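Before any comments, here is the structure.
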Amino acid sequence: MKIAVVGTGYVGLVTGTCFAETGNNVTCIDIDAAKVKKLSGGEITIYEPGLEHLFLRNLREGRLHFTTDLAAGIKEAQVIFLALPTPPGKDGAADLSYVLQVADNLGDLLTDYKVIVDKSTVPVGTADKVHAAIARKYKGDFDVASNPEFLREGVAVDDFMKPDRVVIGTTSERARKIFRDLYAPFVRQGNPVLFMDERSAELSKYAANAFLATKITFMNEIARLCELFGADVDMVRRAIGSDERIGKRFLFPGIGYGGSCFPKDVQALHRSASEAGYQFRILDSVMHVNEAQKVYIVPKIQRYFKGRLEGRKIAIWGLAFKPNTDDIREAPALYIIDALLREGVEVHVFDPEAMGHVKKLLGDRITYGEDQYEILEEADAIVICTEWSVFRTPDFEKMAAALAQKVIFDGRNVFEVSQMQDLGYYYESVGRHPAAIMD
């Protein structure tokens, strides 16, 4: 099948590459000429484990193409996926200007039947708006469908190639036939392709992300109670996670959620509900709690140093909002860094993938290390903001030799409290007893 993907960001590049991997001929379109040149030359522009191998193979074998020419890119395509940014506007609502501009352009370019697919996360009713924008100029036959992505950064290739489910919003039987053929290679083990109306599909993505954000936020609230009651959040997590009705996933407390999806989608759903005349009270709390949670570790640091932070050196492990990605959008580490800089702290950082993005944002306001140990030299404390695997079993002797003080503030509960106690560290995490320094 011939496919066009408009947008070569995270969703667009994963979508295009994975469709090419199952034998389709895919053309990805982007207005950024420099990015298209890089991609055409075999230089991948995002970090996602497992993607580069598939990208290079399909580029080499001629199934994956890149262009800035929208007309040429869609000319022979049967399906056009819109994988465009939908950033939050000033009022919290998703900005559909990119999507609707392309839809308007398609109205000038379509000459035969095609299925135009909203792959981006978009508010309920967007398919109707896209259809109207195209139909103002093109009077021929076409369909607009919703096919939300459920990709998790860090495992996006597996999520796309082996989806839990595929959600497709369309009332057109002609479009359904195309989608059945297109997704058949991805659901051979029987995972469902769920057909529904466009509005239900659009709401499904927002509902899923809002629920997961709520689950994370609930556990962060429980973690705060654990600290007040003297309980251990890990014990509580295991107890409730063993209940099949609750499940084990998304129950790990920490310093809040970030990234390109949860903050934006929760805010957009909340705004959409408000526009419909409904006050979504749960999401009010989710947003409020998560905003506070991002810097929850900072008062712990202030208390330990008795409010005297100016001039101290603090090392931060992890900048990305989660491991196995270079994405720093809404990353809690950025909020913590900002709070520490305001206190006059000298901040040194290391992240396996995200330092380039942070350097563009913060420049020389902080110091960047070549590895996780270099930044520990004479540091007064370590703050762990991202649970990269490389941080889980470090050389504690090397750490102790470098640090000015054996102090760790762990925002992701990477280490066991008992282990830190035995190693003689002062150690505070989220929802667990601190470990005191043992001389």
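Order determines the names: the first chain of the structure tokens is A, the second B, and so forth; residues in each chain are numbered 1 upward, and ligands are numbered 1 upward as they are shown.
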Please provide as a PyMOL selection string all residues within 12 Å of Asp164 (chain A), with the sequence filter that same-chain residues fewer than 2 positions apart are discarded (counting only C-alpha atoms).
-> chain A and resi 149-152+158-162+166-167+186-194
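Residues in contact with Glu310 (chain A) at up to 6 Å, not including ones fewer than 3 positions away on its chain and judged by only C-alpha atoms, are A:Glu343, A:Gly344, A:Val345.
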I need the residues from that last selection saved to file as a PDB file, in the first residue's frame (with C-alpha atoms), if you can.
ATOM      1  CA  GLU A 343      18.915  29.105  45.616  1.00  0.00           C
ATOM      2  CA  GLY A 344      22.414  29.822  44.282  1.00  0.00           C
ATOM      3  CA  VAL A 345      23.364  26.168  43.790  1.00  0.00           C
TER       4      VAL A 345
END
Two-atom distance - CA of Arg165 (chain A), CA of Tyr183 (chain A) (Å) |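 The value is 10.4 Å.
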Exercise: region 220-234 of chain A partners within 8 Å, only C-alpha atoms, chain neighbours under 6 positions left out, as a compact mmCIF listing (two decimals) with C-alpha atoms, in the first residue's frame:
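Result written to out_25.txt:
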# COMPACT_ATOMS: atom_id res chain seq x y z
CA PRO A 253 5.69 7.07 42.87
CA GLY A 254 8.19 9.74 41.96
CA ILE A 255 8.60 13.38 41.06
CA GLY A 256 5.66 13.57 38.70
CA VAL A 289 -0.77 17.68 42.39
CA GLN A 293 5.21 16.94 42.72
CA VAL A 430 9.64 9.29 47.75
CA GLY A 431 7.20 7.67 50.19
CA ARG A 432 9.83 5.71 52.14
CA HIS A 433 11.84 6.09 55.35
Please provide the set of residues having any atom within 9 Å of Lys129 (chain A), restricted to only C-alpha atoms, with same-chain residues fewer than 5 positions apart removed, written as a PyMOL selection string.
-> chain A and resi 100+103+134
Residues at most 9 Å from region 60-70 of chain A, counting only C-alpha atoms, excluding those fewer than 4 positions away in the same chain, as a count of residues only?
-> 30
